[in-house]
Amino acid sequence: MTFKIISADERLKEDHYVKGCIFGQSGAGKTTLIKGLTDNALLVDMEAGDLSLADWKGDSIRVREYEAMRDLACLIGGVNPSAASNETFSAEHYSEVEGKLGKRNEVLGKYQTIFIDSITVLSRLGFVWAEQQPENIGRNGAKDTRGAYGMMGREIMKLLTHLQHTRDKHIIFVGILDQKQDDFNRTFWKPQMEGAKIANELSGIVDLVLTMAFKTDPESGKVYRVFYTSADNEDGYPAKDRSGKLKPIEAANLQKIIDKIQSKEGVKT
């Protein structure tokens with residue numbers, strides 16, 4: 001095992017790519033955020049919900065099985081040097097995926113952003129896959145639902161961690177946000193996903209968690225979309241900004257968010 005010390009000058013010159021999730025209620029317009037990106041983006045369509053993108057002149061890939069998304073994540077993120085030869089994201093897995101899908105630079109080289117719609121559906125596909133694994137099927141054929149949830153959570157967290165290490169592309173997930181009530185009838189917001197593990201641990205992996213919501217201008221009455229970027233908000237929306245460059249509420253323009261984070265300035269504007 002080897003490592004290299006990266007000097008301060010080298011690190012400061014590097015482009016920093018965003019890994020993040022954007023949550024919002026159904027119908028908030030999360031998918032259409034891709035239209036505002038100025039660089040080439042690849043839509044990973046899991047929801048078959050691209051009707052709102054009928055006029056968007058971009059490329060897409062349709063994913064309906066968890067294994068296909070796992071292979072795509074391997075191609076995007078490359079080899080995990082700590083993975084054993086029989087594990088996902090290993091050198092052997094990566095070589096197999098390039099054999100099936102093509103060389104990484106040829107397939108993905110022109111895309112600056114991978115836009116994955118959605119992490120909600122990814123969790124569902126992961127659960128279906130986990131239910132079918134031999135470890136989660138008893139001798140009588142009954143499914144071990146608890147075991148499947150545990151396996152699904154570990155698998156998808158591993159996939160998200162792998163994508164987080166991608167150094168040359170923005171990775172953006174979108175997902176549905178639900179309003180819930182606790183045992184004391186207090187309302188709170190929670191990402192819609194299978195199982196609790198992913199929703200609970202997601203913010204510890206990605207750089208950016210945004211909630212897209214609507215606000216009304218008190219003077220004009222105009223309704224507009226915004227991003228909440230800080231967990232310290234009066235509505236209790238899930239949010240996080242590891243860059244420290246965003247205001248607590250920003251206009252719902254994904255390209256401007258990326259530009260701010262990539263800027264060399266260290267203050268919020």
# chains A, B, ... in the order shown; residues from 1 in each chain; ligands from 1

$ residues_around --residues "A:Lys197" --least-positions-apart "3" --cutoff "12 Å" --atoms "only C-alpha atoms" --output "short mmCIF file (atom, residue, chain, number, x, y, z; two decimals) with all heavy atoms, in the first residue's frame"
data_model
loop_
_atom_site.label_atom_id
_atom_site.label_comp_id
_atom_site.auth_asym_id
_atom_site.auth_seq_id
_atom_site.Cartn_x
_atom_site.Cartn_y
_atom_site.Cartn_z
N SER A 123 -33.49 2.87 -3.24
CA SER A 123 -33.68 2.10 -2.02
C SER A 123 -34.70 0.97 -2.23
O SER A 123 -34.54 -0.13 -1.70
CB SER A 123 -34.13 3.00 -0.86
OG SER A 123 -35.45 3.47 -1.03
N TYR A 149 -33.79 -5.92 4.96
CA TYR A 149 -33.61 -4.49 5.24
C TYR A 149 -32.17 -4.19 5.66
O TYR A 149 -31.57 -3.19 5.23
CB TYR A 149 -34.58 -4.02 6.33
CG TYR A 149 -35.93 -3.60 5.82
CD1 TYR A 149 -37.09 -4.28 6.19
CD2 TYR A 149 -36.05 -2.51 4.96
CE1 TYR A 149 -38.34 -3.89 5.72
CE2 TYR A 149 -37.29 -2.11 4.47
CZ TYR A 149 -38.43 -2.81 4.87
OH TYR A 149 -39.66 -2.42 4.39
N GLY A 150 -31.62 -5.05 6.51
CA GLY A 150 -30.25 -4.84 6.95
C GLY A 150 -29.26 -4.92 5.80
O GLY A 150 -28.37 -4.07 5.67
N MET A 151 -29.43 -5.93 4.94
CA MET A 151 -28.54 -6.09 3.79
C MET A 151 -28.67 -4.93 2.84
O MET A 151 -27.68 -4.39 2.33
CB MET A 151 -28.83 -7.41 3.07
CG MET A 151 -27.99 -7.64 1.84
SD MET A 151 -28.37 -9.19 1.00
CE MET A 151 -27.55 -10.37 2.09
N MET A 152 -29.91 -4.52 2.56
CA MET A 152 -30.15 -3.40 1.64
C MET A 152 -29.47 -2.13 2.15
O MET A 152 -28.81 -1.42 1.40
CB MET A 152 -31.65 -3.17 1.49
CG MET A 152 -32.04 -1.99 0.60
SD MET A 152 -32.21 -0.43 1.50
CE MET A 152 -33.59 -0.79 2.57
N GLY A 153 -29.61 -1.86 3.46
CA GLY A 153 -29.00 -0.66 4.02
C GLY A 153 -27.49 -0.66 3.88
O GLY A 153 -26.89 0.34 3.48
N ARG A 154 -26.87 -1.79 4.19
CA ARG A 154 -25.41 -1.88 4.08
C ARG A 154 -24.95 -1.74 2.63
O ARG A 154 -23.95 -1.06 2.35
CB ARG A 154 -24.93 -3.22 4.65
CG ARG A 154 -25.12 -3.37 6.15
CD ARG A 154 -24.43 -4.61 6.67
NE ARG A 154 -24.94 -5.85 6.09
CZ ARG A 154 -25.98 -6.53 6.56
NH1 ARG A 154 -26.65 -6.09 7.61
NH2 ARG A 154 -26.36 -7.65 5.98
N GLU A 155 -25.66 -2.38 1.72
CA GLU A 155 -25.29 -2.34 0.31
C GLU A 155 -25.35 -0.93 -0.25
O GLU A 155 -24.43 -0.47 -0.93
CB GLU A 155 -26.22 -3.26 -0.50
CG GLU A 155 -25.78 -4.69 -0.58
CD GLU A 155 -24.66 -4.88 -1.59
OE1 GLU A 155 -24.69 -4.22 -2.64
OE2 GLU A 155 -23.77 -5.69 -1.32
N ILE A 156 -26.44 -0.24 0.01
CA ILE A 156 -26.62 1.08 -0.59
C ILE A 156 -25.69 2.11 0.07
O ILE A 156 -25.17 3.00 -0.61
CB ILE A 156 -28.08 1.52 -0.53
CG1 ILE A 156 -28.91 0.60 -1.45
CG2 ILE A 156 -28.25 2.98 -0.93
CD1 ILE A 156 -30.35 0.94 -1.59
N MET A 157 -25.43 1.97 1.35
CA MET A 157 -24.45 2.86 1.98
C MET A 157 -23.06 2.64 1.37
O MET A 157 -22.29 3.58 1.18
CB MET A 157 -24.42 2.64 3.48
CG MET A 157 -25.70 3.07 4.20
SD MET A 157 -26.19 4.78 3.86
CE MET A 157 -24.89 5.67 4.69
N LYS A 158 -22.75 1.40 1.06
CA LYS A 158 -21.47 1.10 0.40
C LYS A 158 -21.42 1.74 -0.99
O LYS A 158 -20.40 2.31 -1.39
CB LYS A 158 -21.30 -0.41 0.30
CG LYS A 158 -19.97 -0.87 -0.28
CD LYS A 158 -19.90 -2.40 -0.28
CE LYS A 158 -18.58 -2.89 -0.87
NZ LYS A 158 -18.51 -4.38 -0.87
N PRO A 191 -36.68 11.90 4.53
CA PRO A 191 -36.57 11.38 3.16
C PRO A 191 -37.31 10.05 3.03
O PRO A 191 -37.24 9.20 3.91
CB PRO A 191 -35.06 11.19 2.98
CG PRO A 191 -34.44 12.14 3.94
CD PRO A 191 -35.35 12.16 5.13
N GLN A 192 -38.02 9.90 1.93
CA GLN A 192 -38.77 8.68 1.68
C GLN A 192 -37.84 7.60 1.13
O GLN A 192 -37.35 7.69 0.02
CB GLN A 192 -39.90 8.95 0.68
CG GLN A 192 -40.82 7.77 0.46
CD GLN A 192 -41.85 8.03 -0.62
OE1 GLN A 192 -41.84 7.42 -1.68
NE2 GLN A 192 -42.75 8.97 -0.37
N MET A 193 -37.57 6.58 1.95
CA MET A 193 -36.68 5.49 1.57
C MET A 193 -37.11 4.22 2.28
O MET A 193 -37.76 4.26 3.32
CB MET A 193 -35.23 5.79 1.94
CG MET A 193 -34.62 6.97 1.24
SD MET A 193 -32.91 7.20 1.74
CE MET A 193 -32.65 8.87 1.19
N GLU A 194 -36.72 3.09 1.71
CA GLU A 194 -36.93 1.82 2.38
C GLU A 194 -35.96 1.71 3.56
O GLU A 194 -34.76 1.95 3.42
CB GLU A 194 -36.69 0.66 1.42
CG GLU A 194 -37.68 0.57 0.28
CD GLU A 194 -39.09 0.20 0.75
OE1 GLU A 194 -39.22 -0.45 1.81
OE2 GLU A 194 -40.06 0.57 0.07
N ASN A 200 -30.98 7.86 7.87
CA ASN A 200 -30.30 8.31 9.08
C ASN A 200 -28.83 8.62 8.86
O ASN A 200 -28.27 9.49 9.54
CB ASN A 200 -30.43 7.26 10.18
CG ASN A 200 -31.85 7.12 10.70
OD1 ASN A 200 -32.68 8.02 10.54
ND2 ASN A 200 -32.16 5.99 11.30
N GLU A 201 -28.18 7.92 7.95
CA GLU A 201 -26.73 8.03 7.80
C GLU A 201 -26.28 8.78 6.55
O GLU A 201 -25.10 9.08 6.40
CB GLU A 201 -26.11 6.63 7.80
CG GLU A 201 -26.35 5.86 9.09
CD GLU A 201 -25.68 4.49 9.10
OE1 GLU A 201 -24.77 4.27 8.28
OE2 GLU A 201 -26.08 3.65 9.93
N LEU A 202 -27.23 9.09 5.67
CA LEU A 202 -26.88 9.70 4.38
C LEU A 202 -26.10 11.00 4.54
O LEU A 202 -25.09 11.23 3.86
CB LEU A 202 -28.15 9.94 3.58
CG LEU A 202 -28.00 10.63 2.23
CD1 LEU A 202 -27.18 9.75 1.28
CD2 LEU A 202 -29.37 10.93 1.64
N SER A 203 -26.52 11.86 5.43
CA SER A 203 -25.89 13.18 5.54
C SER A 203 -24.45 13.09 6.01
O SER A 203 -23.67 14.03 5.83
CB SER A 203 -26.69 14.09 6.48
OG SER A 203 -26.69 13.56 7.80
N GLY A 204 -24.08 11.97 6.63
CA GLY A 204 -22.70 11.79 7.05
C GLY A 204 -21.76 11.43 5.92
O GLY A 204 -20.54 11.45 6.09
#

$ residues_around --residues "stretch 165-180 of chain A" --least-positions-apart "4" --cutoff "6 Å" --atoms "only C-alpha atoms" --output "PyMOL selection string"
chain A and resi 17-25+77+112-120+187-192

$ write_last_selection --atoms "N, CA and C atoms" --output "mmCIF file, in the first residue's frame"
data_model
loop_
_atom_site.group_PDB
_atom_site.id
_atom_site.type_symbol
_atom_site.label_atom_id
_atom_site.label_comp_id
_atom_site.auth_asym_id
_atom_site.auth_seq_id
_atom_site.Cartn_x
_atom_site.Cartn_y
_atom_site.Cartn_z
ATOM 1 N N TYR A 17 -15.607 18.710 -6.814
ATOM 2 C CA TYR A 17 -16.879 18.272 -7.389
ATOM 3 C C TYR A 17 -17.870 17.949 -6.276
ATOM 4 N N VAL A 18 -19.127 18.269 -6.532
ATOM 5 C CA VAL A 18 -20.170 18.191 -5.519
ATOM 6 C C VAL A 18 -20.801 16.803 -5.505
ATOM 7 N N LYS A 19 -20.956 16.248 -4.311
ATOM 8 C CA LYS A 19 -21.717 15.017 -4.118
ATOM 9 C C LYS A 19 -22.861 15.359 -3.179
ATOM 10 N N GLY A 20 -24.074 15.287 -3.677
ATOM 11 C CA GLY A 20 -25.167 15.752 -2.840
ATOM 12 C C GLY A 20 -26.515 15.148 -3.158
ATOM 13 N N CYS A 21 -27.460 15.424 -2.283
ATOM 14 C CA CYS A 21 -28.846 14.983 -2.438
ATOM 15 C C CYS A 21 -29.765 16.189 -2.341
ATOM 16 N N ILE A 22 -30.796 16.162 -3.158
ATOM 17 C CA ILE A 22 -31.814 17.202 -3.131
ATOM 18 C C ILE A 22 -33.155 16.539 -2.867
ATOM 19 N N PHE A 23 -33.800 16.937 -1.768
ATOM 20 C CA PHE A 23 -35.087 16.360 -1.402
ATOM 21 C C PHE A 23 -36.189 17.399 -1.552
ATOM 22 N N GLY A 24 -37.374 16.905 -1.819
ATOM 23 C CA GLY A 24 -38.539 17.776 -1.927
ATOM 24 C C GLY A 24 -39.784 16.927 -2.036
ATOM 25 N N GLN A 25 -40.915 17.525 -1.772
ATOM 26 C CA GLN A 25 -42.167 16.789 -1.875
ATOM 27 C C GLN A 25 -42.461 16.445 -3.333
ATOM 28 N N GLY A 77 -17.322 5.474 -10.221
ATOM 29 C CA GLY A 77 -16.382 5.683 -9.127
ATOM 30 C C GLY A 77 -15.030 5.023 -9.305
ATOM 31 N N GLN A 112 -20.083 16.007 -16.980
ATOM 32 C CA GLN A 112 -19.563 16.611 -15.762
ATOM 33 C C GLN A 112 -20.436 16.274 -14.547
ATOM 34 N N THR A 113 -21.709 15.984 -14.815
ATOM 35 C CA THR A 113 -22.654 15.714 -13.735
ATOM 36 C C THR A 113 -23.410 14.417 -14.013
ATOM 37 N N ILE A 114 -23.522 13.581 -12.983
ATOM 38 C CA ILE A 114 -24.386 12.404 -13.017
ATOM 39 C C ILE A 114 -25.579 12.714 -12.123
ATOM 40 N N PHE A 115 -26.759 12.772 -12.708
ATOM 41 C CA PHE A 115 -27.986 13.202 -12.024
ATOM 42 C C PHE A 115 -28.872 11.971 -11.848
ATOM 43 N N ILE A 116 -29.009 11.508 -10.602
ATOM 44 C CA ILE A 116 -29.656 10.215 -10.342
ATOM 45 C C ILE A 116 -31.044 10.448 -9.750
ATOM 46 N N ASP A 117 -32.044 10.021 -10.484
ATOM 47 C CA ASP A 117 -33.441 10.245 -10.147
ATOM 48 C C ASP A 117 -34.155 8.879 -9.993
ATOM 49 N N SER A 118 -34.210 8.334 -8.800
ATOM 50 C CA SER A 118 -34.018 9.018 -7.530
ATOM 51 C C SER A 118 -33.433 8.049 -6.509
ATOM 52 N N ILE A 119 -32.972 8.585 -5.392
ATOM 53 C CA ILE A 119 -32.464 7.740 -4.320
ATOM 54 C C ILE A 119 -33.613 7.012 -3.629
ATOM 55 N N THR A 120 -34.806 7.553 -3.722
ATOM 56 C CA THR A 120 -35.992 6.872 -3.194
ATOM 57 C C THR A 120 -36.209 5.549 -3.906
ATOM 58 N N THR A 187 -44.782 17.232 14.048
ATOM 59 C CA THR A 187 -44.459 16.939 12.649
ATOM 60 C C THR A 187 -42.965 17.105 12.401
ATOM 61 N N PHE A 188 -42.462 16.271 11.500
ATOM 62 C CA PHE A 188 -41.077 16.385 11.077
ATOM 63 C C PHE A 188 -40.963 15.875 9.651
ATOM 64 N N TRP A 189 -39.836 16.188 9.017
ATOM 65 C CA TRP A 189 -39.603 15.808 7.629
ATOM 66 C C TRP A 189 -38.586 14.674 7.556
ATOM 67 N N LYS A 190 -38.843 13.729 6.661
ATOM 68 C CA LYS A 190 -37.941 12.593 6.525
ATOM 69 C C LYS A 190 -37.872 12.158 5.070
ATOM 70 N N PRO A 191 -36.675 11.897 4.528
ATOM 71 C CA PRO A 191 -36.571 11.382 3.163
ATOM 72 C C PRO A 191 -37.314 10.054 3.026
ATOM 73 N N GLN A 192 -38.018 9.904 1.927
ATOM 74 C CA GLN A 192 -38.772 8.676 1.679
ATOM 75 C C GLN A 192 -37.836 7.600 1.134
#

$ closest_atom_pairs --of "stretch 20-49 of chain A" --to "stretch 240-260 of chain A" --cutoff "8 Å" --atoms "only C-alpha atoms" --output "JSON lines"
{"residue": "A:Leu33", "atom": "CA", "partner": "A:Leu254", "partner_atom": "CA", "distance": 6.3}
{"residue": "A:Ile34", "atom": "CA", "partner": "A:Leu254", "partner_atom": "CA", "distance": 7.6}
{"residue": "A:Gly36", "atom": "CA", "partner": "A:Gln255", "partner_atom": "CA", "distance": 6.2}
{"residue": "A:Leu37", "atom": "CA", "partner": "A:Gln255", "partner_atom": "CA", "distance": 5.2}
{"residue": "A:Thr38", "atom": "CA", "partner": "A:Gln255", "partner_atom": "CA", "distance": 7.0}

$ select_by_dssp --residues "stretch 94-178 of chain A" --states "strand (DSSP E or B)" --output "MDAnalysis selection string"
chainID A and resid 113:117 137 143 170:178
